[in-house]
$ cat final.pdb   # PDB, C-alpha atoms
ATOM      1  CA  MET H   1      46.147 -34.082 -12.815
ATOM      2  CA  LEU H   2      44.498 -31.180 -14.687
ATOM      3  CA  SER H   3      46.517 -28.058 -15.392
ATOM      4  CA  ALA H   4      45.529 -24.717 -13.828
ATOM      5  CA  PRO H   5      44.256 -23.161 -17.113
ATOM      6  CA  VAL H   6      42.033 -26.186 -17.819
ATOM      7  CA  LEU H   7      40.689 -26.107 -14.258
ATOM      8  CA  THR H   8      39.991 -22.360 -14.558
ATOM      9  CA  LEU H   9      38.276 -22.795 -17.906
ATOM     10  CA  THR H  10      36.132 -25.619 -16.481
ATOM     11  CA  GLY H  11      35.067 -23.388 -13.560
ATOM     12  CA  VAL H  12      34.214 -20.461 -15.847
ATOM     13  CA  LEU H  13      32.235 -22.775 -18.126
ATOM     14  CA  ALA H  14      30.300 -24.226 -15.164
ATOM     15  CA  LEU H  15      29.404 -20.736 -13.872
ATOM     16  CA  THR H  16      28.362 -19.575 -17.350
ATOM     17  CA  LEU H  17      26.093 -22.594 -17.810
ATOM     18  CA  ALA H  18      24.528 -22.021 -14.385
ATOM     19  CA  LEU H  19      23.826 -18.358 -15.252
ATOM     20  CA  ILE H  20      22.366 -19.251 -18.648
ATOM     21  CA  HIS H  21      20.133 -21.825 -16.974
ATOM     22  CA  GLN H  22      18.898 -19.271 -14.367
ATOM     23  CA  LEU H  23      18.446 -16.298 -16.729
ATOM     24  CA  PRO H  24      14.830 -17.087 -17.785
ATOM     25  CA  LEU H  25      13.828 -17.537 -14.136
ATOM     26  CA  LEU H  26      15.441 -14.247 -13.155
ATOM     27  CA  ARG H  27      13.719 -12.482 -16.054
ATOM     28  CA  ASP H  28      10.337 -13.924 -15.020
ATOM     29  CA  ASP H  29      10.856 -12.679 -11.452
ATOM     30  CA  ARG H  30      11.117  -9.129 -12.779
ATOM     31  CA  ASP H  31       7.863  -9.320 -14.760
ATOM     32  CA  PRO H  32       5.304  -6.989 -13.083
ATOM     33  CA  ALA H  33       2.464  -9.324 -14.075
ATOM     34  CA  ARG H  34       3.937 -12.024 -11.810
ATOM     35  CA  ARG H  35       4.199  -9.790  -8.751
ATOM     36  CA  PRO H  36       1.356  -9.704  -6.209
ATOM     37  CA  ASP H  37       2.174  -6.061  -5.491
ATOM     38  CA  ASP H  38       2.537  -4.243  -8.812
ATOM     39  CA  LEU H  39       3.676  -0.980  -7.293
ATOM     40  CA  GLY H  40       3.692   0.755 -10.672
ATOM     41  CA  ALA H  41      -0.011  -0.009 -11.191
ATOM     42  CA  VAL H  42      -0.857   1.127  -7.656
ATOM     43  CA  SER H  43       1.078   4.363  -8.165
ATOM     44  CA  ARG H  44      -0.801   5.049 -11.409
ATOM     45  CA  VAL H  45      -4.103   4.745  -9.526
ATOM     46  CA  ALA H  46      -2.813   7.060  -6.787
ATOM     47  CA  ALA H  47      -1.545   9.593  -9.335
ATOM     48  CA  ARG H  48      -4.982   9.596 -10.996
ATOM     49  CA  GLU H  49      -7.070   9.822  -7.796
ATOM     50  CA  VAL H  50      -5.073  11.382  -4.935
ATOM     51  CA  ARG H  51      -4.722  15.162  -5.099
ATOM     52  CA  ALA H  52      -2.280  17.485  -3.364
ATOM     53  CA  GLY H  53      -3.421  17.988   0.216
ATOM     54  CA  ASP H  54      -5.465  14.774   0.316
ATOM     55  CA  PRO H  55      -4.853  12.648   3.407
ATOM     56  CA  VAL H  56      -3.463   9.153   2.786
ATOM     57  CA  LEU H  57      -3.270   6.238   5.203
ATOM     58  CA  PHE H  58      -1.052   3.204   4.536
ATOM     59  CA  LEU H  59      -2.341  -0.034   6.038
ATOM     60  CA  PRO H  60      -0.162  -1.777   7.119
ATOM     61  CA  VAL H  61       2.895   0.436   7.233
ATOM     62  CA  GLN H  62       4.652  -1.762   4.634
ATOM     63  CA  THR H  63       2.267  -0.585   1.910
ATOM     64  CA  ARG H  64       4.067   2.757   2.175
ATOM     65  CA  ASN H  65       6.606   1.097  -0.150
ATOM     66  CA  VAL H  66       4.527   2.269  -3.119
ATOM     67  CA  ALA H  67       5.036   5.905  -2.071
ATOM     68  CA  LEU H  68       8.731   5.241  -1.533
ATOM     69  CA  ALA H  69       9.127   3.603  -4.945
ATOM     70  CA  TYR H  70       6.918   6.130  -6.798
ATOM     71  CA  PRO H  71       6.949   9.354  -4.758
ATOM     72  CA  GLY H  72       5.580  11.445  -7.624
ATOM     73  CA  ALA H  73       2.208   9.708  -7.372
ATOM     74  CA  PHE H  74       1.850  10.945  -3.775
ATOM     75  CA  ARG H  75       3.434  14.397  -4.182
ATOM     76  CA  GLY H  76       1.611  16.852  -1.947
ATOM     77  CA  ALA H  77      -0.527  14.193  -0.235
ATOM     78  CA  ARG H  78      -0.568  14.150   3.581
ATOM     79  CA  ASP H  79       0.578  10.881   5.128
ATOM     80  CA  VAL H  80      -1.787  10.901   8.118
ATOM     81  CA  ALA H  81       0.057   8.355  10.264
ATOM     82  CA  LEU H  82       3.647   9.436   9.610
ATOM     83  CA  ALA H  83       5.498  11.078  12.507
ATOM     84  CA  GLU H  84       8.984  11.014  10.951
ATOM     85  CA  SER H  85      10.108  10.139   7.454
ATOM     86  CA  GLY H  86      12.402   7.223   6.831
ATOM     87  CA  ALA H  87      15.333   9.578   6.292
ATOM     88  CA  VAL H  88      14.779  11.306   9.641
ATOM     89  CA  SER H  89      13.999   8.140  11.621
ATOM     90  CA  GLY H  90      16.740   6.063   9.997
ATOM     91  CA  SER H  91      14.255   3.390   8.941
ATOM     92  CA  LEU H  92      12.780   2.287   5.647
ATOM     93  CA  TYR H  93       9.110   3.147   6.262
ATOM     94  CA  GLY H  94       9.532   5.960   8.755
ATOM     95  CA  ARG H  95       8.083   6.172  12.240
ATOM     96  CA  GLU H  96       4.330   6.405  12.714
ATOM     97  CA  VAL H  97       2.444   8.227  15.452
ATOM     98  CA  GLY H  98       0.899   6.263  18.321
ATOM     99  CA  ALA H  99      -2.634   4.900  18.280
ATOM    100  CA  GLU H 100      -4.223   7.792  20.238
ATOM    101  CA  SER H 101      -2.481  10.450  18.180
ATOM    102  CA  LEU H 102      -3.615   8.670  15.020
ATOM    103  CA  ARG H 103      -7.215   8.629  16.294
ATOM    104  CA  ARG H 104      -7.038  12.415  16.856
ATOM    105  CA  ARG H 105      -5.600  13.006  13.391
ATOM    106  CA  LEU H 106      -8.307  10.923  11.724
ATOM    107  CA  ALA H 107     -11.077  12.534  13.827
ATOM    108  CA  GLY H 108     -10.733  15.804  11.937
ATOM    109  CA  LEU H 109     -10.918  14.309   8.460
ATOM    110  CA  GLU H 110     -13.951  14.144   6.186
ATOM    111  CA  ARG H 111     -12.249  11.725   3.802
ATOM    112  CA  VAL H 112      -9.045   9.724   3.551
ATOM    113  CA  TRP H 113      -7.429   7.644   0.832
ATOM    114  CA  VAL H 114      -6.309   4.255   2.119
ATOM    115  CA  VAL H 115      -3.591   2.235   0.417
ATOM    116  CA  ALA H 116      -3.992  -1.175   1.987
ATOM    117  CA  ASP H 117      -3.339  -4.857   1.813
ATOM    118  CA  ARG H 118      -6.455  -6.343   0.227
ATOM    119  CA  ASP H 119      -6.541  -9.333   2.575
ATOM    120  CA  LEU H 120      -6.291  -7.068   5.616
ATOM    121  CA  LEU H 121      -9.271  -4.978   4.497
ATOM    122  CA  ALA H 122     -11.240  -8.155   3.815
ATOM    123  CA  GLY H 123     -10.563  -9.380   7.366
ATOM    124  CA  ARG H 124      -8.491 -12.388   6.310
ATOM    125  CA  TRP H 125      -5.745 -11.441   8.774
ATOM    126  CA  ARG H 126      -5.412  -9.158  11.772
ATOM    127  CA  PRO H 127      -2.374  -6.961  12.433
ATOM    128  CA  GLY H 128      -0.449  -7.306  15.691
ATOM    129  CA  SER H 129       0.505  -3.636  15.989
ATOM    130  CA  PRO H 130      -1.762  -1.407  18.113
ATOM    131  CA  VAL H 131      -1.380   1.403  15.560
ATOM    132  CA  GLU H 132      -2.463  -0.861  12.696
ATOM    133  CA  ARG H 133      -5.450  -2.064  14.734
ATOM    134  CA  ALA H 134      -6.350   1.568  15.521
ATOM    135  CA  LYS H 135      -6.292   2.388  11.799
ATOM    136  CA  LEU H 136      -8.779  -0.406  11.116
ATOM    137  CA  ALA H 137     -10.970   0.485  14.092
ATOM    138  CA  VAL H 138     -11.254   4.178  13.200
ATOM    139  CA  LEU H 139     -12.021   3.380   9.585
ATOM    140  CA  ALA H 140     -14.783   0.982  10.667
ATOM    141  CA  GLU H 141     -16.214   3.335  13.325
ATOM    142  CA  ARG H 142     -16.110   6.698  11.573
ATOM    143  CA  PHE H 143     -15.872   6.125   7.822
ATOM    144  CA  VAL H 144     -17.625   4.283   5.023
ATOM    145  CA  PRO H 145     -15.749   2.898   2.033
ATOM    146  CA  GLY H 146     -16.278   4.548  -1.294
ATOM    147  CA  GLU H 147     -14.640   4.158  -4.665
ATOM    148  CA  GLU H 148     -11.764   1.719  -4.890
ATOM    149  CA  SER H 149      -9.276   0.187  -7.244
ATOM    150  CA  VAL H 150      -7.680  -3.201  -6.645
ATOM    151  CA  GLN H 151      -4.241  -3.818  -8.112
ATOM    152  CA  GLY H 152      -3.112  -7.339  -7.217
ATOM    153  CA  ASP H 153      -2.842  -7.588  -3.450
ATOM    154  CA  VAL H 154      -3.134  -3.826  -2.874
ATOM    155  CA  THR H 155      -6.335  -1.795  -2.695
ATOM    156  CA  VAL H 156      -6.562   1.981  -3.071
ATOM    157  CA  ARG H 157      -9.857   3.006  -1.503
ATOM    158  CA  LEU H 158     -11.464   6.313  -0.587
ATOM    159  CA  TYR H 159     -13.143   6.408   2.817
ATOM    160  CA  VAL H 160     -15.606   9.201   3.625
ATOM    161  CA  ARG H 161     -16.910  10.290   7.023
ATOM    162  CA  ARG H 162     -20.096   8.538   8.173
ATOM    163  CA  PRO H 163     -23.103  10.827   8.300
ATOM    164  CA  SER H 164     -23.846  11.951  11.849
ATOM    165  CA  ALA H 165     -26.694  10.256  13.743
ATOM    166  CA  GLY H 166     -28.853  13.403  13.579
ATOM    167  CA  GLY H 167     -28.862  13.537   9.792
ATOM    168  CA  SER H 168     -26.360  13.926   7.068
ATOM    169  CA  ARG H 169     -23.515  16.376   7.479
ATOM    170  CA  PRO H 170     -23.196  19.151   4.977
ATOM    171  CA  ALA H 171     -20.540  18.329   2.410
ATOM    172  CA  LEU H 172     -17.371  20.354   2.474
ATOM    173  CA  SER H 173     -16.862  22.362  -0.682
ATOM    174  CA  GLY H 174     -15.021  20.164  -3.135
ATOM    175  CA  SER H 175     -15.759  17.019  -1.141
ATOM    176  CA  PRO H 176     -17.868  14.395  -2.843
ATOM    177  CA  PRO H 177     -20.861  12.951  -1.040
ATOM    178  CA  PRO H 178     -20.410   9.511   0.508
ATOM    179  CA  LEU H 179     -20.401   6.802  -2.107
ATOM    180  CA  PRO H 180     -22.129   3.432  -1.899
ATOM    181  CA  VAL H 181     -20.040   0.538  -0.679
ATOM    182  CA  PRO H 182     -18.509  -1.176  -3.710
ATOM    183  CA  PRO H 183     -18.772  -4.935  -4.149
ATOM    184  CA  ARG H 184     -15.877  -6.893  -2.699
ATOM    185  CA  PRO H 185     -13.428  -8.316  -5.249
ATOM    186  CA  ALA H 186     -13.687 -12.059  -5.793
ATOM    187  CA  LEU H 187     -11.201 -14.231  -3.946
ATOM    188  CA  ARG H 188      -8.387 -15.623  -6.025
TER     189      ARG H 188
END

$ encode --input "final.pdb" --output "structure tokens"
Amino acid sequence: MLSAPVLTLTGVLALTLALIHQLPLLRDDRDPARRPDDLGAVSRVAAREVRAGDPVLFLPVQTRNVALAYPGAFRGARDVALAESGAVSGSLYGREVGAESLRRRLAGLERVWVVADRDLLAGRWRPGSPVERAKLAVLAERFVPGEESVQGDVTVRLYVRRPSAGGSRPALSGSPPPLPVPPRPALR
């Protein structure tokens, strides 16, 4: 029978070997280039494009994680769908307004930055939530996509109000004119 110190040493050695074997895999998991959602890259785009006071819409709600991880990139931006922050609601992403309230909030906007799942915008999946479906519907009905930046699985895209049927609307001071629809990124 093995003595207690030998048994302990054998256990410590086994755990050390297991950790050494797993260390390269754990290091690779932390490499931003291997992540489909490089939140740092998305936040850099937002910091460059989104200005204080600009409305932002996260689609689906889980893409709000970039603003939670890098709040400085969204400082001063208005989260159009947010009713209560995560701290107030006791949840990670906060509580969003209902579909009708969201429609009213978006109705008064000339432009909105959308931080979205690329596959969702491309129509490769459909959200189950009525609020998420309302976000997509209002964007399709009332806005046209403009400039965008794709970072992995996340797209940051500016949407501008569609011109009215009776002619183009006068641009608000400081608001750019509607931009042409950019080409869709190639599928991976």

$ residues_around --input "final.pdb" --residues "range 54-69 of chain H" --least-positions-apart "5" --cutoff "9 Å" --atoms "all atoms listed in the file" --output "PyMOL selection string"
chain H and resi 37-40+42-43+74-82+92-94+96+109+111-117+120-121+127+132+135-136+154

$ closest_residue --input "final.pdb" --among "H:Ser164, H:Thr10, H:Ser149, H:Ser85" --to "Glu49 in chain H" --atoms "all atoms listed in the file"
H:Ser149

$ atom_distance --input "final.pdb" --atom1 "CA of Ala107 in chain H" --atom2 "CA of Arg161 in chain H"
9.2 Å

$ atom_distance --input "final.pdb" --atom1 "CA of Pro163 in chain H" --atom2 "CA of Glu100 in chain H"
22.5 Å

$ closest_residue --input "final.pdb" --among "H:Ser91, H:Glu84, H:Arg48, H:Glu147" --to "Gly72 in chain H" --atoms "only C-alpha atoms"
H:Arg48

$ closest_residue --input "final.pdb" --among "H:Gly86, H:Leu158, H:Gly128, H:Ser3" --to "Glu110 in chain H" --atoms "all atoms listed in the file"
H:Leu158

$ atom_distance --input "final.pdb" --atom1 "CA of Arg44 in chain H" --atom2 "CA of Pro71 in chain H"
11.1 Å

$ closest_residue --input "final.pdb" --among "H:Leu2, H:Leu106, H:Ala41, H:Leu139" --to "Tyr70 in chain H" --atoms "only C-alpha atoms"
H:Ala41

$ axis_aligned_box --input "final.pdb" --around "range 130-135 of chain H" --padding-each-side "3 Å" --output "AutoDock Vina command-line options"
--center_x -3.9 --center_y 0.2 --center_z 15.0 --size_x 11.0 --size_y 10.5 --size_z 12.3

$ residues_around --input "final.pdb" --residues "Pro145 in chain H" --least-positions-apart "3" --cutoff "7 Å" --atoms "all atoms listed in the file" --output "ChimeraX atom specification"
/H:157-160,181
